[in-house]
$ cat data.pdb   # PDB, C-alpha atoms, pLDDT in the B column
ATOM      1  CA  MET A  17     138.513 -72.170  96.830  1.00 62.00           C
ATOM      2  CA  ARG A  18     135.694 -74.329  95.467  1.00 70.00           C
ATOM      3  CA  TYR A  19     135.414 -74.738  91.731  1.00 73.00           C
ATOM      4  CA  PRO A  20     132.099 -75.345  89.940  1.00 86.00           C
ATOM      5  CA  PRO A  21     131.580 -78.899  88.696  1.00 93.00           C
ATOM      6  CA  ASP A  22     133.079 -79.753  85.319  1.00 96.00           C
ATOM      7  CA  ILE A  23     130.300 -81.636  83.519  1.00 96.00           C
ATOM      8  CA  ARG A  24     131.331 -83.716  80.524  1.00 95.00           C
ATOM      9  CA  ILE A  25     128.727 -85.440  78.372  1.00 94.00           C
ATOM     10  CA  ILE A  26     130.034 -88.245  76.170  1.00 91.00           C
ATOM     11  CA  PRO A  27     128.000 -89.469  73.171  1.00 81.00           C
ATOM     12  CA  ASN A  28     128.224 -93.237  73.654  1.00 70.00           C
ATOM     13  CA  GLY A  29     129.485 -95.934  75.973  1.00 59.00           C
ATOM     14  CA  GLN A  30     132.637 -96.744  74.052  1.00 63.00           C
ATOM     15  CA  ASP A  31     133.765 -93.111  73.880  1.00 80.00           C
ATOM     16  CA  TRP A  32     132.762 -92.654  77.507  1.00 86.00           C
ATOM     17  CA  ALA A  33     135.104 -95.385  78.773  1.00 89.00           C
ATOM     18  CA  VAL A  34     137.982 -94.089  76.657  1.00 92.00           C
ATOM     19  CA  SER A  35     137.379 -90.467  77.706  1.00 94.00           C
ATOM     20  CA  ALA A  36     137.313 -91.449  81.379  1.00 95.00           C
ATOM     21  CA  SER A  37     140.491 -93.494  80.967  1.00 96.00           C
ATOM     22  CA  GLU A  38     142.291 -90.612  79.267  1.00 97.00           C
ATOM     23  CA  LEU A  39     141.312 -88.233  82.066  1.00 97.00           C
ATOM     24  CA  ILE A  40     142.426 -90.631  84.792  1.00 98.00           C
ATOM     25  CA  ARG A  41     145.715 -91.322  83.021  1.00 98.00           C
ATOM     26  CA  GLN A  42     146.384 -87.580  82.877  1.00 98.00           C
ATOM     27  CA  VAL A  43     145.736 -87.164  86.618  1.00 98.00           C
ATOM     28  CA  CYS A  44     147.844 -90.266  87.284  1.00 98.00           C
ATOM     29  CA  ASP A  45     150.797 -88.955  85.283  1.00 98.00           C
ATOM     30  CA  GLU A  46     150.614 -85.563  87.015  1.00 98.00           C
ATOM     31  CA  ALA A  47     150.582 -87.159  90.467  1.00 98.00           C
ATOM     32  CA  ILE A  48     153.503 -89.460  89.678  1.00 98.00           C
ATOM     33  CA  ARG A  49     155.561 -86.568  88.315  1.00 98.00           C
ATOM     34  CA  ALA A  50     154.810 -84.464  91.384  1.00 98.00           C
ATOM     35  CA  ARG A  51     154.926 -87.019  94.194  1.00 97.00           C
ATOM     36  CA  GLY A  52     156.148 -90.326  92.766  1.00 98.00           C
ATOM     37  CA  ARG A  53     152.848 -92.183  93.124  1.00 98.00           C
ATOM     38  CA  PHE A  54     149.121 -91.987  92.352  1.00 98.00           C
ATOM     39  CA  LEU A  55     146.619 -92.505  95.179  1.00 98.00           C
ATOM     40  CA  LEU A  56     143.395 -93.795  93.616  1.00 98.00           C
ATOM     41  CA  ALA A  57     140.158 -94.763  95.394  1.00 98.00           C
ATOM     42  CA  LEU A  58     138.012 -97.121  93.342  1.00 98.00           C
ATOM     43  CA  SER A  59     134.253 -97.603  93.362  1.00 97.00           C
ATOM     44  CA  GLY A  60     132.069-100.606  92.621  1.00 90.00           C
ATOM     45  CA  GLY A  61     129.227-101.200  90.196  1.00 87.00           C
ATOM     46  CA  SER A  62     128.714-101.974  86.520  1.00 86.00           C
ATOM     47  CA  THR A  63     129.934 -98.604  85.250  1.00 88.00           C
ATOM     48  CA  PRO A  64     133.388 -98.780  86.902  1.00 92.00           C
ATOM     49  CA  LYS A  65     133.609-102.441  85.862  1.00 93.00           C
ATOM     50  CA  THR A  66     133.521-101.295  82.217  1.00 92.00           C
ATOM     51  CA  LEU A  67     136.320 -98.845  83.005  1.00 94.00           C
ATOM     52  CA  TYR A  68     138.464-101.499  84.696  1.00 97.00           C
ATOM     53  CA  GLN A  69     137.955-103.887  81.795  1.00 96.00           C
ATOM     54  CA  THR A  70     139.083-101.129  79.423  1.00 95.00           C
ATOM     55  CA  TRP A  71     142.307-100.668  81.401  1.00 97.00           C
ATOM     56  CA  ALA A  72     143.005-104.397  81.197  1.00 97.00           C
ATOM     57  CA  THR A  73     142.900-104.448  77.381  1.00 97.00           C
ATOM     58  CA  PRO A  74     146.160-104.718  75.414  1.00 97.00           C
ATOM     59  CA  ASP A  75     145.724-101.139  74.193  1.00 95.00           C
ATOM     60  CA  TRP A  76     145.381 -99.596  77.656  1.00 97.00           C
ATOM     61  CA  ARG A  77     147.469-101.834  79.887  1.00 97.00           C
ATOM     62  CA  PRO A  78     150.779-100.189  78.862  1.00 97.00           C
ATOM     63  CA  MET A  79     149.326 -96.692  79.357  1.00 97.00           C
ATOM     64  CA  PHE A  80     149.630 -96.724  83.165  1.00 98.00           C
ATOM     65  CA  ASP A  81     152.639 -97.035  85.450  1.00 98.00           C
ATOM     66  CA  TRP A  82     150.934 -99.704  87.557  1.00 98.00           C
ATOM     67  CA  ASP A  83     153.772-100.102  90.050  1.00 98.00           C
ATOM     68  CA  ARG A  84     153.302 -96.487  91.128  1.00 98.00           C
ATOM     69  CA  ILE A  85     149.523 -96.649  91.596  1.00 98.00           C
ATOM     70  CA  VAL A  86     148.232 -97.203  95.138  1.00 98.00           C
ATOM     71  CA  PHE A  87     144.654 -98.476  95.198  1.00 98.00           C
ATOM     72  CA  PHE A  88     142.074 -97.795  97.875  1.00 98.00           C
ATOM     73  CA  PHE A  89     138.302 -98.283  97.888  1.00 98.00           C
ATOM     74  CA  GLY A  90     135.608 -95.700  98.464  1.00 98.00           C
ATOM     75  CA  ASP A  91     133.277 -98.213 100.077  1.00 98.00           C
ATOM     76  CA  GLU A  92     132.581-101.886 100.579  1.00 98.00           C
ATOM     77  CA  ARG A  93     129.722-104.137 101.557  1.00 98.00           C
ATOM     78  CA  CYS A  94     130.310-106.196 104.697  1.00 98.00           C
ATOM     79  CA  VAL A  95     130.905-109.419 102.794  1.00 98.00           C
ATOM     80  CA  PRO A  96     133.929-111.651 102.117  1.00 97.00           C
ATOM     81  CA  PRO A  97     136.226-110.616  99.249  1.00 97.00           C
ATOM     82  CA  ASP A  98     135.028-113.500  97.064  1.00 97.00           C
ATOM     83  CA  HIS A  99     131.363-112.562  97.472  1.00 97.00           C
ATOM     84  CA  PRO A 100     129.656-111.614  94.154  1.00 96.00           C
ATOM     85  CA  GLU A 101     128.774-108.163  95.569  1.00 96.00           C
ATOM     86  CA  SER A 102     132.254-107.334  96.876  1.00 98.00           C
ATOM     87  CA  ASN A 103     133.705-104.176  95.338  1.00 97.00           C
ATOM     88  CA  PHE A 104     137.173-105.578  95.899  1.00 98.00           C
ATOM     89  CA  GLY A 105     136.168-108.823  94.196  1.00 97.00           C
ATOM     90  CA  LEU A 106     134.931-106.911  91.176  1.00 97.00           C
ATOM     91  CA  ALA A 107     138.204-104.986  90.884  1.00 98.00           C
ATOM     92  CA  GLN A 108     140.248-108.129  91.490  1.00 98.00           C
ATOM     93  CA  ASN A 109     138.527-110.000  88.671  1.00 97.00           C
ATOM     94  CA  ALA A 110     138.279-107.136  86.180  1.00 97.00           C
ATOM     95  CA  LEU A 111     141.559-105.304  86.841  1.00 98.00           C
ATOM     96  CA  PHE A 112     144.026-106.468  89.477  1.00 98.00           C
ATOM     97  CA  GLY A 113     144.209-110.070  88.282  1.00 98.00           C
ATOM     98  CA  PRO A 114     144.277-109.435  84.512  1.00 98.00           C
ATOM     99  CA  VAL A 115     146.844-106.621  84.797  1.00 98.00           C
ATOM    100  CA  GLY A 116     148.957-108.316  87.453  1.00 98.00           C
ATOM    101  CA  ILE A 117     148.753-105.608  90.111  1.00 98.00           C
ATOM    102  CA  LYS A 118     151.051-106.268  93.054  1.00 97.00           C
ATOM    103  CA  PRO A 119     149.044-107.117  96.199  1.00 97.00           C
ATOM    104  CA  ALA A 120     151.138-104.611  98.173  1.00 98.00           C
ATOM    105  CA  ASN A 121     149.672-101.824  96.019  1.00 98.00           C
ATOM    106  CA  VAL A 122     146.073-102.719  96.921  1.00 98.00           C
ATOM    107  CA  HIS A 123     144.484-101.648 100.218  1.00 98.00           C
ATOM    108  CA  ARG A 124     141.052-103.153 100.595  1.00 98.00           C
ATOM    109  CA  LEU A 125     138.308-102.747 103.161  1.00 98.00           C
ATOM    110  CA  HIS A 126     137.931-105.962 105.175  1.00 98.00           C
ATOM    111  CA  GLY A 127     134.172-106.244 104.997  1.00 97.00           C
ATOM    112  CA  GLU A 128     134.263-109.821 106.222  1.00 97.00           C
ATOM    113  CA  GLN A 129     135.324-108.768 109.734  1.00 97.00           C
ATOM    114  CA  ALA A 130     132.662-109.531 112.342  1.00 96.00           C
ATOM    115  CA  ASP A 131     133.072-106.078 113.922  1.00 98.00           C
ATOM    116  CA  ALA A 132     132.323-103.501 111.206  1.00 98.00           C
ATOM    117  CA  LEU A 133     133.430-100.547 113.325  1.00 98.00           C
ATOM    118  CA  ALA A 134     136.782-102.220 114.001  1.00 98.00           C
ATOM    119  CA  ALA A 135     137.146-102.821 110.241  1.00 98.00           C
ATOM    120  CA  ALA A 136     136.477 -99.123 109.573  1.00 98.00           C
ATOM    121  CA  GLN A 137     139.040 -98.109 112.200  1.00 98.00           C
ATOM    122  CA  ASP A 138     141.600-100.535 110.761  1.00 98.00           C
ATOM    123  CA  TYR A 139     141.130 -99.062 107.296  1.00 98.00           C
ATOM    124  CA  GLU A 140     141.460 -95.526 108.588  1.00 98.00           C
ATOM    125  CA  ARG A 141     144.763 -96.473 110.232  1.00 98.00           C
ATOM    126  CA  GLN A 142     145.868 -98.055 106.957  1.00 98.00           C
ATOM    127  CA  ILE A 143     145.081 -94.904 104.977  1.00 98.00           C
ATOM    128  CA  ARG A 144     146.833 -92.704 107.530  1.00 98.00           C
ATOM    129  CA  THR A 145     149.923 -94.907 107.465  1.00 98.00           C
ATOM    130  CA  VAL A 146     150.164 -95.002 103.663  1.00 98.00           C
ATOM    131  CA  THR A 147     149.572 -91.246 103.317  1.00 98.00           C
ATOM    132  CA  ASN A 148     151.636 -90.307 106.401  1.00 98.00           C
ATOM    133  CA  CYS A 149     148.706 -88.283 107.724  1.00 98.00           C
ATOM    134  CA  PRO A 150     148.219 -88.461 111.503  1.00 97.00           C
ATOM    135  CA  ALA A 151     144.876 -87.636 113.103  1.00 96.00           C
ATOM    136  CA  PRO A 152     143.052 -85.311 113.140  1.00 96.00           C
ATOM    137  CA  GLY A 153     144.232 -84.317 109.659  1.00 96.00           C
ATOM    138  CA  PHE A 154     142.645 -85.504 106.426  1.00 97.00           C
ATOM    139  CA  PRO A 155     144.854 -86.987 103.697  1.00 98.00           C
ATOM    140  CA  GLN A 156     144.662 -85.808 100.101  1.00 98.00           C
ATOM    141  CA  LEU A 157     143.980 -88.659  97.711  1.00 98.00           C
ATOM    142  CA  ASP A 158     144.777 -87.907  94.092  1.00 98.00           C
ATOM    143  CA  LEU A 159     141.524 -89.194  92.612  1.00 98.00           C
ATOM    144  CA  VAL A 160     138.321 -90.634  94.048  1.00 98.00           C
ATOM    145  CA  LEU A 161     135.992 -92.466  91.684  1.00 98.00           C
ATOM    146  CA  LEU A 162     132.311 -92.265  92.575  1.00 98.00           C
ATOM    147  CA  GLY A 163     129.048 -93.594  91.234  1.00 96.00           C
ATOM    148  CA  LEU A 164     125.523 -92.378  91.838  1.00 97.00           C
ATOM    149  CA  GLY A 165     122.588 -94.326  93.249  1.00 96.00           C
ATOM    150  CA  ASP A 166     118.953 -93.819  92.312  1.00 95.00           C
ATOM    151  CA  ASP A 167     118.349 -92.252  95.735  1.00 96.00           C
ATOM    152  CA  GLY A 168     121.244 -89.803  95.379  1.00 97.00           C
ATOM    153  CA  HIS A 169     123.702 -91.811  97.459  1.00 97.00           C
ATOM    154  CA  THR A 170     127.359 -92.041  96.554  1.00 98.00           C
ATOM    155  CA  ALA A 171     130.030 -94.364  97.950  1.00 98.00           C
ATOM    156  CA  SER A 172     127.949 -95.786 100.841  1.00 97.00           C
ATOM    157  CA  LEU A 173     126.733 -92.393 102.031  1.00 98.00           C
ATOM    158  CA  PHE A 174     122.944 -92.718 102.091  1.00 97.00           C
ATOM    159  CA  PRO A 175     120.324 -90.007 102.624  1.00 96.00           C
ATOM    160  CA  GLY A 176     119.515 -89.310 106.251  1.00 93.00           C
ATOM    161  CA  THR A 177     122.188 -91.584 107.747  1.00 94.00           C
ATOM    162  CA  ALA A 178     124.677 -90.708 110.463  1.00 93.00           C
ATOM    163  CA  ALA A 179     127.585 -91.601 108.168  1.00 95.00           C
ATOM    164  CA  LEU A 180     126.687 -88.656 105.955  1.00 93.00           C
ATOM    165  CA  ARG A 181     127.179 -86.261 108.861  1.00 90.00           C
ATOM    166  CA  ASP A 182     130.477 -87.712 110.135  1.00 93.00           C
ATOM    167  CA  GLN A 183     133.011 -84.881 109.997  1.00 88.00           C
ATOM    168  CA  THR A 184     135.887 -86.371 112.001  1.00 94.00           C
ATOM    169  CA  ARG A 185     136.596 -89.878 110.722  1.00 97.00           C
ATOM    170  CA  LEU A 186     138.052 -90.973 107.385  1.00 98.00           C
ATOM    171  CA  VAL A 187     136.121 -94.255 107.325  1.00 98.00           C
ATOM    172  CA  THR A 188     132.845 -95.111 108.985  1.00 98.00           C
ATOM    173  CA  VAL A 189     130.076 -97.712 109.101  1.00 98.00           C
ATOM    174  CA  SER A 190     126.918 -97.021 107.147  1.00 97.00           C
ATOM    175  CA  GLN A 191     123.569 -98.692 106.603  1.00 96.00           C
ATOM    176  CA  SER A 192     121.972 -99.211 103.206  1.00 96.00           C
ATOM    177  CA  PRO A 193     118.165 -99.187 102.974  1.00 95.00           C
ATOM    178  CA  LYS A 194     118.275-102.118 100.572  1.00 93.00           C
ATOM    179  CA  GLY A 195     120.517-104.982  99.590  1.00 94.00           C
ATOM    180  CA  ILE A 196     123.375-105.827 101.941  1.00 96.00           C
ATOM    181  CA  ALA A 197     122.668-103.426 104.783  1.00 97.00           C
ATOM    182  CA  THR A 198     125.962-102.926 106.580  1.00 98.00           C
ATOM    183  CA  ARG A 199     128.616-101.040 104.623  1.00 98.00           C
ATOM    184  CA  LEU A 200     132.023 -99.455 105.161  1.00 98.00           C
ATOM    185  CA  THR A 201     132.614 -96.114 103.486  1.00 98.00           C
ATOM    186  CA  LEU A 202     134.951 -93.178 103.159  1.00 98.00           C
ATOM    187  CA  THR A 203     133.366 -90.101 104.691  1.00 98.00           C
ATOM    188  CA  ALA A 204     132.495 -86.943 102.783  1.00 97.00           C
ATOM    189  CA  GLY A 205     135.324 -85.223 104.652  1.00 96.00           C
ATOM    190  CA  VAL A 206     138.068 -87.316 103.067  1.00 97.00           C
ATOM    191  CA  ILE A 207     136.367 -87.415  99.653  1.00 98.00           C
ATOM    192  CA  ASN A 208     136.078 -83.626  99.600  1.00 97.00           C
ATOM    193  CA  ARG A 209     139.807 -83.224 100.175  1.00 97.00           C
ATOM    194  CA  ALA A 210     140.788 -85.192  97.066  1.00 98.00           C
ATOM    195  CA  THR A 211     142.658 -83.505  94.246  1.00 98.00           C
ATOM    196  CA  VAL A 212     140.063 -84.810  91.765  1.00 98.00           C
ATOM    197  CA  VAL A 213     136.641 -86.319  92.452  1.00 98.00           C
ATOM    198  CA  LEU A 214     135.220 -88.055  89.403  1.00 98.00           C
ATOM    199  CA  PHE A 215     131.597 -89.150  89.165  1.00 98.00           C
ATOM    200  CA  LEU A 216     131.006 -91.774  86.478  1.00 96.00           C
ATOM    201  CA  VAL A 217     127.312 -92.107  85.629  1.00 95.00           C
ATOM    202  CA  ALA A 218     125.724 -93.916  82.704  1.00 92.00           C
ATOM    203  CA  GLY A 219     122.227 -94.922  81.628  1.00 92.00           C
ATOM    204  CA  ALA A 220     118.803 -93.357  81.263  1.00 94.00           C
ATOM    205  CA  GLY A 221     117.771 -94.715  84.659  1.00 96.00           C
ATOM    206  CA  LYS A 222     120.078 -92.178  86.329  1.00 96.00           C
ATOM    207  CA  ALA A 223     118.809 -89.113  84.416  1.00 97.00           C
ATOM    208  CA  SER A 224     116.376 -87.868  87.064  1.00 98.00           C
ATOM    209  CA  VAL A 225     118.799 -88.149  89.974  1.00 98.00           C
ATOM    210  CA  VAL A 226     121.613 -86.571  87.918  1.00 98.00           C
ATOM    211  CA  ARG A 227     119.321 -83.580  87.338  1.00 98.00           C
ATOM    212  CA  ALA A 228     118.381 -83.483  91.043  1.00 98.00           C
ATOM    213  CA  VAL A 229     122.015 -83.403  92.160  1.00 98.00           C
ATOM    214  CA  LEU A 230     123.374 -81.009  89.529  1.00 97.00           C
ATOM    215  CA  GLU A 231     120.320 -78.773  89.161  1.00 96.00           C
ATOM    216  CA  PRO A 232     118.515 -79.033  92.515  1.00 96.00           C
ATOM    217  CA  ARG A 233     115.124 -77.397  92.856  1.00 96.00           C
ATOM    218  CA  THR A 234     114.305 -78.182  96.479  1.00 97.00           C
ATOM    219  CA  ASP A 235     116.081 -78.299  99.831  1.00 96.00           C
ATOM    220  CA  GLU A 236     115.643 -82.074  99.790  1.00 96.00           C
ATOM    221  CA  GLU A 237     117.550 -82.321  96.501  1.00 97.00           C
ATOM    222  CA  ARG A 238     120.276 -79.987  97.808  1.00 96.00           C
ATOM    223  CA  ALA A 239     120.718 -82.334 100.779  1.00 96.00           C
ATOM    224  CA  LEU A 240     121.283 -85.468  98.679  1.00 97.00           C
ATOM    225  CA  PRO A 241     124.593 -87.167  99.568  1.00 98.00           C
ATOM    226  CA  ALA A 242     126.050 -86.730  96.071  1.00 98.00           C
ATOM    227  CA  ALA A 243     125.221 -83.018  96.238  1.00 97.00           C
ATOM    228  CA  MET A 244     127.339 -82.770  99.400  1.00 96.00           C
ATOM    229  CA  ILE A 245     130.449 -83.817  97.496  1.00 97.00           C
ATOM    230  CA  ARG A 246     132.086 -80.453  96.889  1.00 96.00           C
ATOM    231  CA  PRO A 247     135.896 -80.634  97.006  1.00 97.00           C
ATOM    232  CA  THR A 248     137.420 -77.928  99.191  1.00 95.00           C
ATOM    233  CA  SER A 249     140.157 -77.094  96.695  1.00 93.00           C
ATOM    234  CA  GLY A 250     140.195 -79.926  94.161  1.00 96.00           C
ATOM    235  CA  ARG A 251     138.316 -80.518  90.919  1.00 97.00           C
ATOM    236  CA  LEU A 252     134.849 -82.040  90.748  1.00 98.00           C
ATOM    237  CA  ILE A 253     134.208 -83.737  87.398  1.00 98.00           C
ATOM    238  CA  TRP A 254     130.997 -85.417  86.297  1.00 98.00           C
ATOM    239  CA  MET A 255     131.383 -87.690  83.292  1.00 96.00           C
ATOM    240  CA  LEU A 256     127.994 -88.700  81.890  1.00 95.00           C
ATOM    241  CA  ASP A 257     126.759 -90.536  78.866  1.00 92.00           C
ATOM    242  CA  GLN A 258     123.961 -88.843  76.925  1.00 92.00           C
ATOM    243  CA  PRO A 259     121.096 -90.878  78.450  1.00 93.00           C
ATOM    244  CA  ALA A 260     122.243 -89.992  81.982  1.00 94.00           C
ATOM    245  CA  ALA A 261     122.464 -86.317  81.016  1.00 95.00           C
ATOM    246  CA  ALA A 262     119.110 -86.208  79.234  1.00 95.00           C
ATOM    247  CA  GLN A 263     117.250 -84.154  81.870  1.00 97.00           C
ATOM    248  CA  LEU A 264     119.920 -81.522  82.399  1.00 96.00           C
ATOM    249  CA  THR A 265     119.080 -78.020  81.235  1.00 91.00           C
ATOM    250  CA  GLY A 266     121.134 -74.853  81.671  1.00 63.00           C
ATOM    251  CA  GLY A 267     122.328 -74.974  78.068  1.00 47.00           C
ATOM    252  CA  ARG A 268     124.265 -78.212  78.516  1.00 49.00           C
TER     253      ARG A 268
END

$ encode --input "data.pdb" --output "structure tokens"
Amino acid sequence: MRYPPDIRIIPNGQDWAVSASELIRQVCDEAIRARGRFLLALSGGSTPKTLYQTWATPDWRPMFDWDRIVFFFGDERCVPPDHPESNFGLAQNALFGPVGIKPANVHRLHGEQADALAAAQDYERQIRTVTNCPAPGFPQLDLVLLGLGDDGHTASLFPGTAALRDQTRLVTVSQSPKGIATRLTLTAGVINRATVVLFLVAGAGKASVVRAVLEPRTDEERALPAAMIRPTSGRLIWMLDQPAAAQLTGGR
């Protein structure tokens, strides 16, 4: 059963980070009570960085049972982990290092490998091992964090690319139309099987694409990658600040 998206509009940036943290802590606590651990896939970008920095503050650091959180990544650029555009590097500097996360709890995409397809296959094997999910099944992560690009992409699933149509693999190679071209990404298939998928979107620059994804008017807008994220049985939550939500209608 698919549920309609739960759209939450937060008045300002400070409240937004706290509201997102409270939601994620709730999902984390539920997962740990039910299964003894919390499987969390992180995203990159400035918006998640604010979230990670919030978690590393003295107020929030004691709120999570860090030893029971298993970290994955939704996507990665094919760069070394110390590269300024590495999603892992961002999380390492903003969260893992300051909080003291055990390296064994972090499963990163090895974007520095020369063979991107081999790196994707290695990461898929890693996910299957940790989740005890043999092929061809899809594991159920507890929460997948996602952002939203100006072109409607999410993770590294870009409009019109083969990665968007991959229905069999957990991890695949994708190509970005700008910036660092070669990427590694979770597929829509594994994202859509998560217990909770949480989009975090902030800023007026995202208002038009937020409207296009959540209130599509054309077939082209309905085919945007972010619009294809529809969990099969889990919850889909969009957490927006007011500028990002400015073009939404429908009584929001």

$ resolve_selection --input "data.pdb" --expression "the PyMOL selection byres ((chain A and resi 144-159) around 7)" --output "PDB file with C-alpha atoms, in the frame of the given file"
ATOM      1  CA  ALA A  47     150.582 -87.159  90.467  1.00 98.00           C
ATOM      2  CA  PHE A  54     149.121 -91.987  92.352  1.00 98.00           C
ATOM      3  CA  LEU A  55     146.619 -92.505  95.179  1.00 98.00           C
ATOM      4  CA  LEU A  56     143.395 -93.795  93.616  1.00 98.00           C
ATOM      5  CA  ALA A  57     140.158 -94.763  95.394  1.00 98.00           C
ATOM      6  CA  GLU A 140     141.460 -95.526 108.588  1.00 98.00           C
ATOM      7  CA  ARG A 141     144.763 -96.473 110.232  1.00 98.00           C
ATOM      8  CA  GLN A 142     145.868 -98.055 106.957  1.00 98.00           C
ATOM      9  CA  ILE A 143     145.081 -94.904 104.977  1.00 98.00           C
ATOM     10  CA  VAL A 160     138.321 -90.634  94.048  1.00 98.00           C
ATOM     11  CA  LEU A 161     135.992 -92.466  91.684  1.00 98.00           C
ATOM     12  CA  VAL A 206     138.068 -87.316 103.067  1.00 97.00           C
ATOM     13  CA  ARG A 209     139.807 -83.224 100.175  1.00 97.00           C
ATOM     14  CA  ALA A 210     140.788 -85.192  97.066  1.00 98.00           C
ATOM     15  CA  THR A 211     142.658 -83.505  94.246  1.00 98.00           C
ATOM     16  CA  VAL A 212     140.063 -84.810  91.765  1.00 98.00           C
ATOM     17  CA  VAL A 213     136.641 -86.319  92.452  1.00 98.00           C
TER      18      VAL A 213
END

$ closest_residue --input "data.pdb" --among "A:Pro259, A:Pro27, A:Gly113, A:Gly195" --to "Ala72 (chain A)" --atoms "all atoms listed in the file"
A:Gly113

$ atom_distance --input "data.pdb" --atom1 "CA of Ile48 (chain A)" --atom2 "CA of Thr188 (chain A)"
28.8 Å

$ closest_residue --input "data.pdb" --among "A:Ala178, A:Val86, A:Leu216, A:Leu200" --to "Leu67 (chain A)" --atoms "all atoms listed in the file"
A:Leu216

$ closest_residue --input "data.pdb" --among "A:Leu214, A:Ala243, A:Leu162, A:Leu111" --to "Pro175 (chain A)" --atoms "only C-alpha atoms"
A:Ala243

$ residues_around --input "data.pdb" --residues "Tyr139 (chain A)" --least-positions-apart "4" --cutoff "12 Å" --atoms "only C-alpha atoms" --output "ChimeraX atom specification"
/A:88-92,123-127,129,132-135,143-146,185-189,200-202

$ atom_distance --input "data.pdb" --atom1 "CA of Ile207 (chain A)" --atom2 "CA of Ala130 (chain A)"
25.8 Å

$ resolve_selection --input "data.pdb" --expression "the PyMOL selection byres ((chain A and resi 225) around 10)" --output "ChimeraX atom specification"
/A:164-169,221-224,226-232,237,240,242,260-261,263

$ write_last_selection --input "data.pdb" --atoms "C-alpha atoms" --output "PDB file, keeping the file's coordinate frame"
ATOM      1  CA  LEU A 164     125.523 -92.378  91.838  1.00 97.00           C
ATOM      2  CA  GLY A 165     122.588 -94.326  93.249  1.00 96.00           C
ATOM      3  CA  ASP A 166     118.953 -93.819  92.312  1.00 95.00           C
ATOM      4  CA  ASP A 167     118.349 -92.252  95.735  1.00 96.00           C
ATOM      5  CA  GLY A 168     121.244 -89.803  95.379  1.00 97.00           C
ATOM      6  CA  HIS A 169     123.702 -91.811  97.459  1.00 97.00           C
ATOM      7  CA  GLY A 221     117.771 -94.715  84.659  1.00 96.00           C
ATOM      8  CA  LYS A 222     120.078 -92.178  86.329  1.00 96.00           C
ATOM      9  CA  ALA A 223     118.809 -89.113  84.416  1.00 97.00           C
ATOM     10  CA  SER A 224     116.376 -87.868  87.064  1.00 98.00           C
ATOM     11  CA  VAL A 226     121.613 -86.571  87.918  1.00 98.00           C
ATOM     12  CA  ARG A 227     119.321 -83.580  87.338  1.00 98.00           C
ATOM     13  CA  ALA A 228     118.381 -83.483  91.043  1.00 98.00           C
ATOM     14  CA  VAL A 229     122.015 -83.403  92.160  1.00 98.00           C
ATOM     15  CA  LEU A 230     123.374 -81.009  89.529  1.00 97.00           C
ATOM     16  CA  GLU A 231     120.320 -78.773  89.161  1.00 96.00           C
ATOM     17  CA  PRO A 232     118.515 -79.033  92.515  1.00 96.00           C
ATOM     18  CA  GLU A 237     117.550 -82.321  96.501  1.00 97.00           C
ATOM     19  CA  LEU A 240     121.283 -85.468  98.679  1.00 97.00           C
ATOM     20  CA  ALA A 242     126.050 -86.730  96.071  1.00 98.00           C
ATOM     21  CA  ALA A 260     122.243 -89.992  81.982  1.00 94.00           C
ATOM     22  CA  ALA A 261     122.464 -86.317  81.016  1.00 95.00           C
ATOM     23  CA  GLN A 263     117.250 -84.154  81.870  1.00 97.00           C
TER      24      GLN A 263
END

$ atom_distance --input "data.pdb" --atom1 "CA of Pro119 (chain A)" --atom2 "CA of Asp131 (chain A)"
23.9 Å

$ residues_around --input "data.pdb" --residues "Met79 (chain A)" --least-positions-apart "2" --cutoff "10 Å" --atoms "all atoms listed in the file" --output "list of chain:residue names"
A:Ser37, A:Glu38, A:Arg41, A:Asp45, A:Trp71, A:Pro74, A:Asp75, A:Trp76, A:Arg77, A:Asp81, A:Trp82

$ residues_near_point --input "data.pdb" --point "(133.9, -107.1, 89.9)" --cutoff "12 Å" --atoms "all atoms listed in the file" --output "MDAnalysis selection string"
chainID A and resid 58:69 92 97:114

$ decode --input "data.pdb" --residues "region 104-128 of chain A" --atoms "C-alpha atoms" --output "PDB file, in the first residue's frame"
ATOM      1  CA  PHE A 104      31.558  10.735   2.762  1.00  0.00           C
ATOM      2  CA  GLY A 105      34.092  13.486   3.435  1.00  0.00           C
ATOM      3  CA  LEU A 106      31.312  15.897   4.311  1.00  0.00           C
ATOM      4  CA  ALA A 107      29.766  13.434   6.771  1.00  0.00           C
ATOM      5  CA  GLN A 108      33.169  12.538   8.199  1.00  0.00           C
ATOM      6  CA  ASN A 109      34.007  16.165   8.939  1.00  0.00           C
ATOM      7  CA  ALA A 110      30.572  17.294  10.119  1.00  0.00           C
ATOM      8  CA  LEU A 111      29.371  14.180  11.966  1.00  0.00           C
ATOM      9  CA  PHE A 112      31.473  11.030  12.191  1.00  0.00           C
ATOM     10  CA  GLY A 113      34.620  12.745  13.453  1.00  0.00           C
ATOM     11  CA  PRO A 114      33.010  15.184  15.919  1.00  0.00           C
ATOM     12  CA  VAL A 115      30.688  12.531  17.387  1.00  0.00           C
ATOM     13  CA  GLY A 116      33.262   9.744  17.385  1.00  0.00           C
ATOM     14  CA  ILE A 117      31.361   7.257  15.230  1.00  0.00           C
ATOM     15  CA  LYS A 118      33.043   3.862  15.080  1.00  0.00           C
ATOM     16  CA  PRO A 119      34.468   3.190  11.594  1.00  0.00           C
ATOM     17  CA  ALA A 120      32.838  -0.260  11.628  1.00  0.00           C
ATOM     18  CA  ASN A 121      29.428   1.449  11.682  1.00  0.00           C
ATOM     19  CA  VAL A 122      30.115   3.411   8.481  1.00  0.00           C
ATOM     20  CA  HIS A 123      29.791   1.830   5.025  1.00  0.00           C
ATOM     21  CA  ARG A 124      30.939   4.222   2.352  1.00  0.00           C
ATOM     22  CA  LEU A 125      30.924   4.094  -1.424  1.00  0.00           C
ATOM     23  CA  HIS A 126      34.496   3.805  -2.725  1.00  0.00           C
ATOM     24  CA  GLY A 127      34.289   6.465  -5.395  1.00  0.00           C
ATOM     25  CA  GLU A 128      38.049   6.527  -5.793  1.00  0.00           C
TER      26      GLU A 128
END
